[in-house]
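Taking it in order: structure first as structure tokens, then the write-up.
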Amino acid sequence: MAISFRTRLISLFILLLGLTLFTSTWAVLRAVDNNARANAERELLVAERVFETLLEENSRQLTDRTALLAEDFGFRQAIATNEEETIVSALINHGERISADLILLMNPAGEVLIGTHDLADSLAVIAQKTQHQSVPFSELAIAEQLPFQLVMVPVKAPELVAWVGVGFEIDTALIYSFRDITKADVSLLYQGSANSNVNSLSTLNNANERINSNNPTFDESSTQFIASLQNDSWLNQQTELLQRGDQRISLVLSVSLKEAIAAYKNLQTQMLVIAAIVLLLAVLISAVIAGSITRPIGTLVRAARRIAQGDYQQQLSIPGKTEFNELGDTLNQMQMDIQDREKHITFQAQHDMLTQLPNRHYMAELMQERLQQPDGNSFAAVLIKVINFESLSDIYGVSIMDPVLLQAANKFSNHLEDTDTVGLIAADEFLIYRQVNSSQSLKAFTSEIKSLFAKPLVCNNIELTLDTRLGAVNCPDEASNYEDMLRRSRIALNEARLTNQCEFFYTSGLEDRYLRKLKVTQRLQHAISHNGFTLLFQPQFDLNKKVIHSAEALIRWHDTELGAVYPDEFIPLAENSGDITLITDWVFAEALAQLEKWHSLGYELGVSINLSAKDILKDNFIDRVIAQIAARNITPRLLMLEVTESALVEDIDHAIANLRRLYEAGVHLAMDDFGTGFSSLAQLKVLPVHELKIDKSFVLNLDKDIDDQKIVRSTIEMAHHLGLTTIAEGVENNQSISLLKSMNCDAIQGYYLSKPIASDELTNWLATFNSTPLEPIYA
Ligand code: C2E
Ligand code: CA
Ligand code: CA
């Protein structure tokens with residue numbers, strides 16, 4: 001269990017104070033106790049001295065009184081004369097007068113003449129003293145088990161004639177009177193003879209019970225007596241008053257420690273009460289103080305938690321001027337710093353550091369925000385790619401691209417409206433969101449963007465022209481999320497590149513077509529590596545010689561996933577991907593092998609192969625074709641190569657030079673799809689070709705379409721003028737054949753004769769065709 005700081009603080013306060021209180025109280029109580037004990041000891045000493053003084057005083061008074069008897073003339077005379085009766089009556093009278101309890105008369109020799117009591121062992125001592133002294137003396141003695149104070153006075157007439165002794169019993173009254181004076185309890189322990197009991201006289205109630213009668217000696221009894229008193233908290237002072245043979249008198253003065261301390265009891269309780277009150281107050285005060293100390297800590301802890309949770313709005317305020325204030329101020333400063341740093345980090349995370357434009361992640365967020373705006377949330381996303389970015393950085397160095405991008409970014413920022421958003425989502429790609437309400441306004445906008453880059457940028461005194469392509473998507477109609485938008489704008493942009501346009505607007509279905517293209521391109525690779533193609537042949541008929549003089553090789557591809565894919569679809573894709581050269585190589589090998597086979601079978605048949613622009617521009621391809629003709633011993637004119645006008649667009653001079661090499665090698669060259677492209681007659685004049693192949697779009701409906709007839713007729717005429725032969729493809733009916741014949745067309749190709757068929761089929765077909773003349777061909 002965690003103990004709070006507050007509890008610890010309070011506990012510490014109380015512990016320290018408790019310790020202090022305890023030690024001080026203990027010291028005081030001890031001092032009080034010691035003091036009481038010392039007082040009691042002092043009292044005892046005083047009492048002992050007082051007791052001695054009283055005893056002396058007593059004996060002096062007794063002596064004085066007894067002296068009166070000793071000096072009495074009649075008494076002296078009676079002794080001198082030994083008048084026994086007079087002596088006795090004098091002793092009795094006098095004894096009564098002075099309240100004596102014991103009377104003794106001794107002759108100078110120490111013999112007892114008269115005695116009221118048996119003094120036992122004391123008598124010898126007293127008798128001895130009377131022999132050596134001539135002045136009164138006092139003695140304590142025990143007679144018949146009772147303690148006495150005895151005074152012996154000499155009787156002189158004028159010689160010493162006798163000693164008179166008077167004894168007073170030391171009784172309870174006497175010791176009580178002692179107590180009254182000394183304030184100490186008085187006990188007198190005494191023993192008359194060895195065999196007798198130890199007796200006591202005492203102001204204490206139960207003195208006799210404290211003496212164990214079983215104790216054989218006086219010393220043991222008195223030791224036990226004192227010990228029992230000590231047990232009951234009495235302080236004692238023992239004085240031997242008499243020790244004569246077996247006769248013993250011992251004085252024990254006692255002061256009750258309980259009583260002595262009782263006087264201080266009040267003080268003790270007061271001390272304890274004060275200590276308790278102080279402790280209680282300490283608890284309360286320490287609770288208050290601990291509260292006042294821990295309250296700001298609590299506030300600080302809550303603030304720290306709040307900051308940890310990312311709430312930087314509240315300012316912390318701690319009243320007063322303490323270290324906690326400083327801490328509070330520091331915390332406030334800290335949360336401001338964190339907030340600043342967080343803003344900075346967020347900005348960094350959301351922006352491109354060079355151009356300060358939003359990055360792709362932030363553009364995703366911004367698009368989401370735009371889509372969620374309640375009104376007018378339809379906008380165009382325009383992706384702009386600098387397609388020569390890489391080549392520029394290759395040429396001028398990577399370092400120049402930073403200022404280039406910066407200038408481009410500035411152009412956007414200066415040109416765009418407040419509601420537009422521009423971001424840099426890749427090193428060479430900008431993305432713009434713009435509110436547009438029509439396709440015209442979008443077009444106007446993309447034109448503006450293009451115009452921004454019409455003029456070259458100047459960086460480090462170098463002029464650079466940015467070649468940009470735009471792909472635009474309408475959101476949310478054509479893309480309702482960032483991924484779709486980005487993918488589709490990129491598809492549009494690619495389409496712009498493929499079609500050699502500056503911009504392209506995404507339209508629905510483009511992505512499907514694009515995906516189909518991707519798929520086809522991908523599967524094409526598979527077909528190339530797995531020999532997935534077949535070659536069909538479509539016969540061509542020479543109208544002048546009335547013979548099948550050639551067959552066009554047309555490629556077929558049946559893919560396991562896509563099914564039959566037609567060359568119109570995959571050939572342009574193969575041209576884009578560069579795979580066309582591999583395909584052409586395969587077609588070539590296949591077609592030449594077939595050519596040889598036909599020759600071996602005795603057919604004087606040529607083969608037409610379609611070439612793409614890439615093939616014509618490849619010098620080593622031309623080399624190989626020429627080498628193959630020589631190697632295979634093929635009659636060059638039987639190899640017919642068909643090229644399209646569009647194949648010549650890219651690099652016409654290079655294309656013409658290569659065609660010329662083939663032409664000079666004796667290869668038969670045909671201009672395919674004539675009429676669909678943009679080639680001019682002037683161009684046709686310099687092209688090294690033998691034949692014009694009139695496109696099937698003019699031929700398919702030739703029998704019905706007057707315009708087609710006009711075009712075909714003039715084309716044939718023009719070709720003949722230029723010294724070229726003509727062939728019409730797409731011939732599907734005999735009316736068209738008649739027309740073409742009347743127009744002096746040189747050859748025909750079309751379904752009317754045969755669809756493209758496999759080479760084996762073609763030899764069968766040829767046999768049938770030659771044996772069954774076909775009207776109106778031979779007419
Ligand atoms: P193309 O060179 O103009 O080929 C003639 C196309 O017209 C062929 O289509 C043929 O099947 C079709 N055709 C022939 N007679 C008729 C007819 O009477 N009526 C109709 N409606 N069509 C007729 P295909 O085989 O689908 O080839 C399409 C295009 O693919 C070709 O046009 C050619 O440009 C290209 N191509 C075909 N094979 C190859 C090849 O091996 N290499 C290259 N580079 N291109 C090829
Ligand atoms: Ca062709
Ligand atoms: Ca054609």
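Convention: chains lettered A, B, ... in structure tokens order; per-chain residue numbering from 1; ligands numbered from 1 as shown.
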
At most 10 Å from ligand 3 (only C-alpha atoms and all ligand atoms): residue list as a JSON list (two decimals) with C-alpha atoms, in the first residue's frame:
```
[["chain", "number", "residue", "atom", "x", "y", "z"],
["A", 610, "ASN", "CA", 4.34, -6.41, -89.64],
["A", 642, "GLU", "CA", 4.83, -3.82, -93.56],
["A", 643, "VAL", "CA", 5.43, -0.55, -91.75],
["A", 644, "THR", "CA", 2.84, 2.01, -90.65],
["A", 671, "MET", "CA", 3.26, 1.11, -96.34],
["A", 672, "ASP", "CA", 0.56, -0.39, -94.08],
["A", 673, "ASP", "CA", -2.73, 1.27, -93.00],
["A", 674, "PHE", "CA", -2.30, 3.92, -95.62],
["A", 675, "GLY", "CA", -4.77, 6.79, -95.25],
["A", 676, "THR", "CA", -5.20, 6.65, -91.49],
["A", 693, "LYS", "CA", -1.54, -1.05, -98.42],
["A", 694, "ILE", "CA", -4.91, 0.65, -98.41],
["A", 695, "ASP", "CA", -6.37, 0.41, -94.94],
["A", 696, "LYS", "CA", -9.37, -1.82, -94.42],
["A", 697, "SER", "CA", -11.41, 1.08, -93.03],
["A", 728, "ALA", "CA", -6.35, -3.49, -100.49],
["A", 729, "GLU", "CA", -7.00, -5.25, -97.19],
["A", 730, "GLY", "CA", -10.37, -5.96, -95.66]]
```

Subject >> Residues within 9 Å of region 557-565 of chain A, only C-alpha atoms, excluding chain neighbours under 3 positions, as a ChimeraX atom specification >> reply: /A:519-520,523-524,527,532-535,568-570

Contacts to ligand 1 at 9 Å cut-off (only C-alpha atoms and all ligand atoms) as an mmCIF file with C-alpha atoms, in the first residue's frame:
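After the write, part15.cif holds the following:
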```
data_model
loop_
_atom_site.group_PDB
_atom_site.id
_atom_site.type_symbol
_atom_site.label_atom_id
_atom_site.label_comp_id
_atom_site.auth_asym_id
_atom_site.auth_seq_id
_atom_site.Cartn_x
_atom_site.Cartn_y
_atom_site.Cartn_z
ATOM 1 C CA LEU A 535 1.266 -17.423 -86.074
ATOM 2 C CA LEU A 536 -1.614 -17.358 -88.605
ATOM 3 C CA PHE A 537 -1.343 -16.522 -92.226
ATOM 4 C CA GLN A 538 -3.767 -14.607 -94.428
ATOM 5 C CA GLU A 552 0.500 -11.908 -94.147
ATOM 6 C CA ALA A 553 1.790 -13.310 -90.857
ATOM 7 C CA LEU A 554 -0.582 -12.306 -88.061
ATOM 8 C CA ILE A 555 0.215 -13.177 -84.481
ATOM 9 C CA ARG A 556 -2.223 -14.883 -82.107
ATOM 10 C CA TYR A 566 -5.925 -9.786 -80.001
ATOM 11 C CA PRO A 567 -2.872 -8.106 -81.426
ATOM 12 C CA ASP A 568 -4.694 -4.746 -81.728
ATOM 13 C CA GLU A 569 -4.704 -4.785 -77.894
ATOM 14 C CA PHE A 570 -1.362 -6.258 -76.978
ATOM 15 C CA ILE A 571 0.918 -5.041 -79.794
ATOM 16 C CA PRO A 572 0.680 -1.336 -78.718
ATOM 17 C CA GLU A 575 5.570 -1.441 -78.099
ATOM 18 C CA ILE A 580 7.833 -5.771 -79.113
ATOM 19 C CA THR A 581 11.396 -6.492 -80.240
ATOM 20 C CA ILE A 583 7.866 -10.580 -80.303
ATOM 21 C CA THR A 584 9.125 -9.411 -83.684
ATOM 22 C CA TRP A 586 9.839 -14.644 -82.690
ATOM 23 C CA VAL A 587 7.487 -13.757 -85.564
ATOM 24 C CA PHE A 588 10.466 -13.385 -87.856
ATOM 25 C CA ILE A 609 5.631 -9.398 -91.645
ATOM 26 C CA ASN A 610 4.335 -6.413 -89.639
ATOM 27 C CA LEU A 611 7.036 -4.200 -88.132
ATOM 28 C CA SER A 612 6.622 -1.670 -85.365
ATOM 29 C CA ALA A 613 8.331 1.716 -85.080
ATOM 30 C CA ASP A 615 11.956 -2.352 -84.929
ATOM 31 C CA GLU A 642 4.827 -3.823 -93.563
ATOM 32 C CA VAL A 643 5.430 -0.550 -91.751
ATOM 33 C CA THR A 644 2.840 2.006 -90.647
ATOM 34 C CA ASP A 672 0.556 -0.388 -94.078
ATOM 35 C CA ASP A 673 -2.729 1.272 -93.000
ATOM 36 C CA LYS A 693 -1.543 -1.052 -98.422
ATOM 37 C CA ASP A 695 -6.371 0.411 -94.943
ATOM 38 C CA LYS A 696 -9.368 -1.824 -94.415
ATOM 39 C CA SER A 697 -11.415 1.075 -93.030
ATOM 40 C CA VAL A 699 -12.319 -1.109 -98.097
ATOM 41 C CA LEU A 700 -14.771 -2.888 -95.816
ATOM 42 C CA GLU A 729 -7.004 -5.255 -97.194
ATOM 43 C CA GLY A 730 -10.375 -5.957 -95.657
ATOM 44 C CA VAL A 731 -11.984 -7.242 -98.846
ATOM 45 C CA GLU A 732 -15.136 -9.057 -97.810
ATOM 46 C CA ASN A 733 -17.282 -9.349 -100.924
ATOM 47 C CA GLN A 749 -6.433 -9.463 -99.003
ATOM 48 C CA GLY A 750 -9.522 -10.165 -96.959
ATOM 49 C CA TYR A 751 -12.035 -12.530 -95.506
ATOM 50 C CA TYR A 752 -13.562 -13.019 -98.891
ATOM 51 C CA LEU A 753 -10.490 -15.024 -99.746
ATOM 52 C CA SER A 754 -9.672 -16.310 -96.284
ATOM 53 C CA LYS A 755 -9.458 -15.359 -92.686
ATOM 54 C CA PRO A 756 -5.985 -15.663 -91.160
#
```

**OP:** Could you tell me which of A:Ala67, A:Leu354, A:Leu17, A:Ile126 comes closest to Leu281 (chain A) if we count only C-alpha atoms?
**Re:**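 That would be A:Leu17, the residue with the smallest distance to Leu281 (chain A).
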
I need the residues in region 256-319 of chain A that are helix (DSSP H, G or I) according to DSSP; give them as an mmCIF file with N, CA, C and O atoms, in the first residue's frame.
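This is the output file part-v3.cif:
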```cif
data_model
loop_
_atom_site.group_PDB
_atom_site.id
_atom_site.type_symbol
_atom_site.label_atom_id
_atom_site.label_comp_id
_atom_site.auth_asym_id
_atom_site.auth_seq_id
_atom_site.Cartn_x
_atom_site.Cartn_y
_atom_site.Cartn_z
ATOM 1 N N LEU A 257 7.891 6.782 50.496
ATOM 2 C CA LEU A 257 8.198 7.376 49.179
ATOM 3 C C LEU A 257 6.922 7.674 48.413
ATOM 4 O O LEU A 257 6.834 8.639 47.682
ATOM 5 N N LYS A 258 5.943 6.828 48.607
ATOM 6 C CA LYS A 258 4.652 7.035 47.916
ATOM 7 C C LYS A 258 4.115 8.407 48.251
ATOM 8 O O LYS A 258 3.689 9.159 47.377
ATOM 9 N N GLU A 259 4.184 8.706 49.540
ATOM 10 C CA GLU A 259 3.666 10.009 49.961
ATOM 11 C C GLU A 259 4.533 11.132 49.414
ATOM 12 O O GLU A 259 4.040 12.163 48.963
ATOM 13 N N ALA A 260 5.858 10.878 49.470
ATOM 14 C CA ALA A 260 6.769 11.921 48.994
ATOM 15 C C ALA A 260 6.511 12.213 47.519
ATOM 16 O O ALA A 260 6.492 13.359 47.092
ATOM 17 N N ILE A 261 6.299 11.112 46.801
ATOM 18 C CA ILE A 261 6.080 11.296 45.360
ATOM 19 C C ILE A 261 4.665 11.803 45.096
ATOM 20 O O ILE A 261 4.421 12.549 44.162
ATOM 21 N N ALA A 262 3.753 11.392 45.999
ATOM 22 C CA ALA A 262 2.362 11.815 45.822
ATOM 23 C C ALA A 262 2.254 13.316 45.718
ATOM 24 O O ALA A 262 1.410 13.858 45.005
ATOM 25 N N ALA A 263 3.133 13.999 46.423
ATOM 26 C CA ALA A 263 3.111 15.455 46.393
ATOM 27 C C ALA A 263 3.366 15.957 44.980
ATOM 28 O O ALA A 263 2.886 17.008 44.591
ATOM 29 N N TYR A 264 4.111 15.140 44.241
ATOM 30 C CA TYR A 264 4.430 15.563 42.866
ATOM 31 C C TYR A 264 3.488 14.947 41.848
ATOM 32 O O TYR A 264 3.598 15.180 40.660
ATOM 33 N N LYS A 265 2.582 14.086 42.349
ATOM 34 C CA LYS A 265 1.672 13.352 41.429
ATOM 35 C C LYS A 265 0.920 14.318 40.513
ATOM 36 O O LYS A 265 0.780 14.106 39.313
ATOM 37 N N ASN A 266 0.445 15.383 41.116
ATOM 38 C CA ASN A 266 -0.295 16.392 40.364
ATOM 39 C C ASN A 266 0.533 16.939 39.221
ATOM 40 O O ASN A 266 0.063 17.059 38.094
ATOM 41 N N LEU A 267 1.771 17.206 39.593
ATOM 42 C CA LEU A 267 2.672 17.757 38.597
ATOM 43 C C LEU A 267 2.817 16.768 37.426
ATOM 44 O O LEU A 267 2.775 17.134 36.255
ATOM 45 N N GLN A 268 2.943 15.469 37.835
ATOM 46 C CA GLN A 268 3.089 14.427 36.806
ATOM 47 C C GLN A 268 1.884 14.395 35.876
ATOM 48 O O GLN A 268 2.023 14.403 34.648
ATOM 49 N N THR A 269 0.703 14.359 36.499
ATOM 50 C CA THR A 269 -0.494 14.306 35.652
ATOM 51 C C THR A 269 -0.585 15.560 34.792
ATOM 52 O O THR A 269 -0.918 15.480 33.603
ATOM 53 N N GLN A 270 -0.253 16.689 35.411
ATOM 54 C CA GLN A 270 -0.293 17.916 34.614
ATOM 55 C C GLN A 270 0.654 17.794 33.414
ATOM 56 O O GLN A 270 0.292 18.132 32.288
ATOM 57 N N MET A 271 1.844 17.258 33.706
ATOM 58 C CA MET A 271 2.826 17.092 32.624
ATOM 59 C C MET A 271 2.265 16.209 31.514
ATOM 60 O O MET A 271 2.364 16.516 30.333
ATOM 61 N N LEU A 272 1.664 15.069 31.959
ATOM 62 C CA LEU A 272 1.136 14.130 30.966
ATOM 63 C C LEU A 272 0.002 14.751 30.172
ATOM 64 O O LEU A 272 -0.091 14.587 28.941
ATOM 65 N N VAL A 273 -0.872 15.479 30.885
ATOM 66 C CA VAL A 273 -1.996 16.118 30.201
ATOM 67 C C VAL A 273 -1.459 17.131 29.192
ATOM 68 O O VAL A 273 -1.898 17.176 28.026
ATOM 69 N N ILE A 274 -0.473 17.913 29.659
ATOM 70 C CA ILE A 274 0.106 18.915 28.746
ATOM 71 C C ILE A 274 0.709 18.225 27.531
ATOM 72 O O ILE A 274 0.484 18.620 26.380
ATOM 73 N N ALA A 275 1.447 17.139 27.821
ATOM 74 C CA ALA A 275 2.071 16.396 26.707
ATOM 75 C C ALA A 275 1.013 15.902 25.729
ATOM 76 O O ALA A 275 1.167 16.029 24.510
ATOM 77 N N ALA A 276 -0.078 15.363 26.315
ATOM 78 C CA ALA A 276 -1.137 14.839 25.453
ATOM 79 C C ALA A 276 -1.748 15.962 24.618
ATOM 80 O O ALA A 276 -1.975 15.810 23.406
ATOM 81 N N ILE A 277 -1.991 17.108 25.289
ATOM 82 C CA ILE A 277 -2.591 18.229 24.555
ATOM 83 C C ILE A 277 -1.646 18.701 23.441
ATOM 84 O O ILE A 277 -2.064 18.929 22.297
ATOM 85 N N VAL A 278 -0.348 18.799 23.824
ATOM 86 C CA VAL A 278 0.623 19.261 22.834
ATOM 87 C C VAL A 278 0.659 18.303 21.645
ATOM 88 O O VAL A 278 0.676 18.713 20.484
ATOM 89 N N LEU A 279 0.602 16.997 21.977
ATOM 90 C CA LEU A 279 0.642 15.993 20.913
ATOM 91 C C LEU A 279 -0.582 16.125 19.990
ATOM 92 O O LEU A 279 -0.470 16.074 18.766
ATOM 93 N N LEU A 280 -1.728 16.315 20.637
ATOM 94 C CA LEU A 280 -2.958 16.463 19.868
ATOM 95 C C LEU A 280 -2.881 17.699 18.967
ATOM 96 O O LEU A 280 -3.220 17.652 17.776
ATOM 97 N N LEU A 281 -2.417 18.798 19.582
ATOM 98 C CA LEU A 281 -2.266 20.027 18.805
ATOM 99 C C LEU A 281 -1.297 19.805 17.653
ATOM 100 O O LEU A 281 -1.525 20.271 16.531
ATOM 101 N N ALA A 282 -0.225 19.049 17.968
ATOM 102 C CA ALA A 282 0.781 18.785 16.936
ATOM 103 C C ALA A 282 0.160 18.034 15.766
ATOM 104 O O ALA A 282 0.442 18.331 14.603
ATOM 105 N N VAL A 283 -0.699 17.054 16.121
ATOM 106 C CA VAL A 283 -1.353 16.293 15.054
ATOM 107 C C VAL A 283 -2.164 17.237 14.173
ATOM 108 O O VAL A 283 -2.064 17.218 12.939
ATOM 109 N N LEU A 284 -2.960 18.107 14.857
ATOM 110 C CA LEU A 284 -3.818 19.022 14.094
ATOM 111 C C LEU A 284 -2.975 19.980 13.255
ATOM 112 O O LEU A 284 -3.208 20.153 12.056
ATOM 113 N N ILE A 285 -1.970 20.581 13.925
ATOM 114 C CA ILE A 285 -1.158 21.573 13.205
ATOM 115 C C ILE A 285 -0.394 20.921 12.064
ATOM 116 O O ILE A 285 -0.347 21.447 10.959
ATOM 117 N N SER A 286 0.164 19.722 12.361
ATOM 118 C CA SER A 286 0.941 19.079 11.294
ATOM 119 C C SER A 286 0.023 18.682 10.145
ATOM 120 O O SER A 286 0.430 18.735 8.983
ATOM 121 N N ALA A 287 -1.235 18.301 10.481
ATOM 122 C CA ALA A 287 -2.168 17.970 9.402
ATOM 123 C C ALA A 287 -2.404 19.204 8.532
ATOM 124 O O ALA A 287 -2.406 19.131 7.298
ATOM 125 N N VAL A 288 -2.589 20.352 9.216
ATOM 126 C CA VAL A 288 -2.839 21.596 8.474
ATOM 127 C C VAL A 288 -1.603 21.959 7.644
ATOM 128 O O VAL A 288 -1.697 22.269 6.449
ATOM 129 N N ILE A 289 -0.431 21.897 8.317
ATOM 130 C CA ILE A 289 0.803 22.278 7.605
ATOM 131 C C ILE A 289 1.072 21.320 6.447
ATOM 132 O O ILE A 289 1.348 21.738 5.325
ATOM 133 N N ALA A 290 0.930 20.003 6.767
ATOM 134 C CA ALA A 290 1.168 19.016 5.710
ATOM 135 C C ALA A 290 0.207 19.262 4.552
ATOM 136 O O ALA A 290 0.584 19.169 3.385
ATOM 137 N N GLY A 291 -1.045 19.626 4.924
ATOM 138 C CA GLY A 291 -2.033 19.931 3.887
ATOM 139 C C GLY A 291 -1.555 21.090 3.029
ATOM 140 O O GLY A 291 -1.583 21.025 1.806
ATOM 141 N N SER A 292 -1.070 22.137 3.702
ATOM 142 C CA SER A 292 -0.672 23.330 2.955
ATOM 143 C C SER A 292 0.576 23.045 2.117
ATOM 144 O O SER A 292 0.810 23.682 1.105
ATOM 145 N N ILE A 293 1.383 22.062 2.580
ATOM 146 C CA ILE A 293 2.571 21.720 1.781
ATOM 147 C C ILE A 293 2.180 20.820 0.617
ATOM 148 O O ILE A 293 2.610 21.024 -0.512
ATOM 149 N N THR A 294 1.294 19.839 0.926
ATOM 150 C CA THR A 294 1.005 18.847 -0.119
ATOM 151 C C THR A 294 -0.050 19.347 -1.108
ATOM 152 O O THR A 294 -0.121 18.827 -2.208
ATOM 153 N N ARG A 295 -0.833 20.358 -0.734
ATOM 154 C CA ARG A 295 -1.855 20.852 -1.662
ATOM 155 C C ARG A 295 -1.223 21.317 -2.980
ATOM 156 O O ARG A 295 -1.634 20.887 -4.052
ATOM 157 N N PRO A 296 -0.203 22.197 -2.895
ATOM 158 C CA PRO A 296 0.436 22.586 -4.166
ATOM 159 C C PRO A 296 1.054 21.419 -4.907
ATOM 160 O O PRO A 296 1.029 21.371 -6.143
ATOM 161 N N ILE A 297 1.540 20.429 -4.140
ATOM 162 C CA ILE A 297 2.118 19.254 -4.817
ATOM 163 C C ILE A 297 1.025 18.543 -5.606
ATOM 164 O O ILE A 297 1.202 18.175 -6.761
ATOM 165 N N GLY A 298 -0.158 18.423 -4.944
ATOM 166 C CA GLY A 298 -1.295 17.793 -5.622
ATOM 167 C C GLY A 298 -1.649 18.558 -6.892
ATOM 168 O O GLY A 298 -1.880 17.970 -7.948
ATOM 169 N N THR A 299 -1.695 19.889 -6.769
ATOM 170 C CA THR A 299 -2.012 20.713 -7.944
ATOM 171 C C THR A 299 -0.984 20.472 -9.044
ATOM 172 O O THR A 299 -1.326 20.322 -10.218
ATOM 173 N N LEU A 300 0.298 20.413 -8.622
ATOM 174 C CA LEU A 300 1.375 20.205 -9.611
ATOM 175 C C LEU A 300 1.243 18.835 -10.275
ATOM 176 O O LEU A 300 1.407 18.711 -11.483
ATOM 177 N N VAL A 301 0.933 17.829 -9.441
ATOM 178 C CA VAL A 301 0.801 16.464 -9.989
ATOM 179 C C VAL A 301 -0.332 16.418 -11.006
ATOM 180 O O VAL A 301 -0.186 15.879 -12.104
ATOM 181 N N ARG A 302 -1.483 17.059 -10.645
ATOM 182 C CA ARG A 302 -2.610 17.047 -11.583
ATOM 183 C C ARG A 302 -2.251 17.751 -12.881
ATOM 184 O O ARG A 302 -2.577 17.291 -13.974
ATOM 185 N N ALA A 303 -1.523 18.879 -12.726
ATOM 186 C CA ALA A 303 -1.122 19.634 -13.923
ATOM 187 C C ALA A 303 -0.204 18.798 -14.800
ATOM 188 O O ALA A 303 -0.355 18.755 -16.022
ATOM 189 N N ALA A 304 0.751 18.091 -14.136
ATOM 190 C CA ALA A 304 1.706 17.270 -14.899
ATOM 191 C C ALA A 304 0.953 16.179 -15.668
ATOM 192 O O ALA A 304 1.254 15.906 -16.826
ATOM 193 N N ARG A 305 -0.064 15.576 -14.999
ATOM 194 C CA ARG A 305 -0.855 14.534 -15.662
ATOM 195 C C ARG A 305 -1.588 15.103 -16.880
ATOM 196 O O ARG A 305 -1.630 14.507 -17.942
ATOM 197 N N ARG A 306 -2.159 16.289 -16.658
ATOM 198 C CA ARG A 306 -2.915 16.943 -17.733
ATOM 199 C C ARG A 306 -1.998 17.199 -18.929
ATOM 200 O O ARG A 306 -2.348 16.925 -20.077
ATOM 201 N N ILE A 307 -0.781 17.681 -18.631
ATOM 202 C CA ILE A 307 0.177 17.968 -19.704
ATOM 203 C C ILE A 307 0.545 16.675 -20.416
ATOM 204 O O ILE A 307 0.622 16.619 -21.642
ATOM 205 N N ALA A 308 0.736 15.608 -19.599
ATOM 206 C CA ALA A 308 1.097 14.310 -20.187
ATOM 207 C C ALA A 308 0.019 13.839 -21.156
ATOM 208 O O ALA A 308 0.301 13.156 -22.127
#
```

Original post:
Skipping near chain neighbours, those fewer than 5 positions away, what residues fall within 10 Å of Gln237 (chain A) using only C-alpha atoms, listed as a VMD selection string?
Top reply: chain A and resid 41 44 to 45 47 to 48 186 226 251 to 255

Original post:
If we count only C-alpha atoms, what is near Leu669 (chain A) at a cut-off of 12 Å, once residues fewer than 3 positions away on the same chain are taken out, given as a ChimeraX atom specification?
Top reply: /A:607-611,616,636-644,656,658-666,672,687-693,724-726

Could you give me, as a Markdown table, every region 83-122 of chain A residue with an atom at most 10 Å from region 188-193 of chain A, plus its closest atom pair and distance in Å to one decimal, counting only C-alpha atoms, rows ordered by chain then number?
```
| residue | atom | partner | partner_atom | distance |
| --- | --- | --- | --- | --- |
| A:Leu119 | CA | A:Gly192 | CA | 9.1 |
| A:Ala120 | CA | A:Gly192 | CA | 8.3 |
| A:Asp121 | CA | A:Ser193 | CA | 8.1 |
| A:Ser122 | CA | A:Gly192 | CA | 9.6 |
```

Restricting the output to N, CA, C and O atoms, write the selected residues as an mmCIF file, in the first residue's frame.
```cif
data_model
loop_
_atom_site.group_PDB
_atom_site.id
_atom_site.type_symbol
_atom_site.label_atom_id
_atom_site.label_comp_id
_atom_site.auth_asym_id
_atom_site.auth_seq_id
_atom_site.Cartn_x
_atom_site.Cartn_y
_atom_site.Cartn_z
ATOM 1 N N LEU A 119 16.616 -5.740 85.569
ATOM 2 C CA LEU A 119 17.291 -5.109 84.424
ATOM 3 C C LEU A 119 18.197 -6.074 83.653
ATOM 4 O O LEU A 119 18.824 -5.712 82.662
ATOM 5 N N ALA A 120 18.242 -7.282 84.213
ATOM 6 C CA ALA A 120 19.007 -8.360 83.534
ATOM 7 C C ALA A 120 20.403 -7.914 83.138
ATOM 8 O O ALA A 120 21.102 -7.340 83.972
ATOM 9 N N ASP A 121 20.763 -8.083 81.799
ATOM 10 C CA ASP A 121 22.140 -7.829 81.351
ATOM 11 C C ASP A 121 22.578 -6.410 81.594
ATOM 12 O O ASP A 121 23.772 -6.112 81.810
ATOM 13 N N SER A 122 21.616 -5.432 81.579
ATOM 14 C CA SER A 122 21.977 -4.016 81.697
ATOM 15 C C SER A 122 22.503 -3.684 83.096
ATOM 16 O O SER A 122 23.281 -2.721 83.259
#
```

**OP:** Write out as an NGL selection string which residues come within 6 Å of region 155-172 of chain A when counting only C-alpha atoms, dropping same-chain ones fewer than 2 positions away.
**Re:** :A and (70 or 100-108 or 147-153 or 174-175)

**OP:** Would you mind reading off the distance between CA of His94 (chain A) and CA of Glu71 (chain A), one decimal, in Å?
**Re:** 11.9 Å

**OP:** Between A:Asp542, A:Gly397, A:Ala194, A:Ile706, single out the one closest to Arg244 (chain A), counting only C-alpha atoms.
**Re:** A:Ala194

Original post:
What is the CA of Glu56 (chain A)-CA of Ile87 (chain A) distance in Å, reported with one decimal?
Top reply: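 These atoms are spaced 28.4 Å apart.
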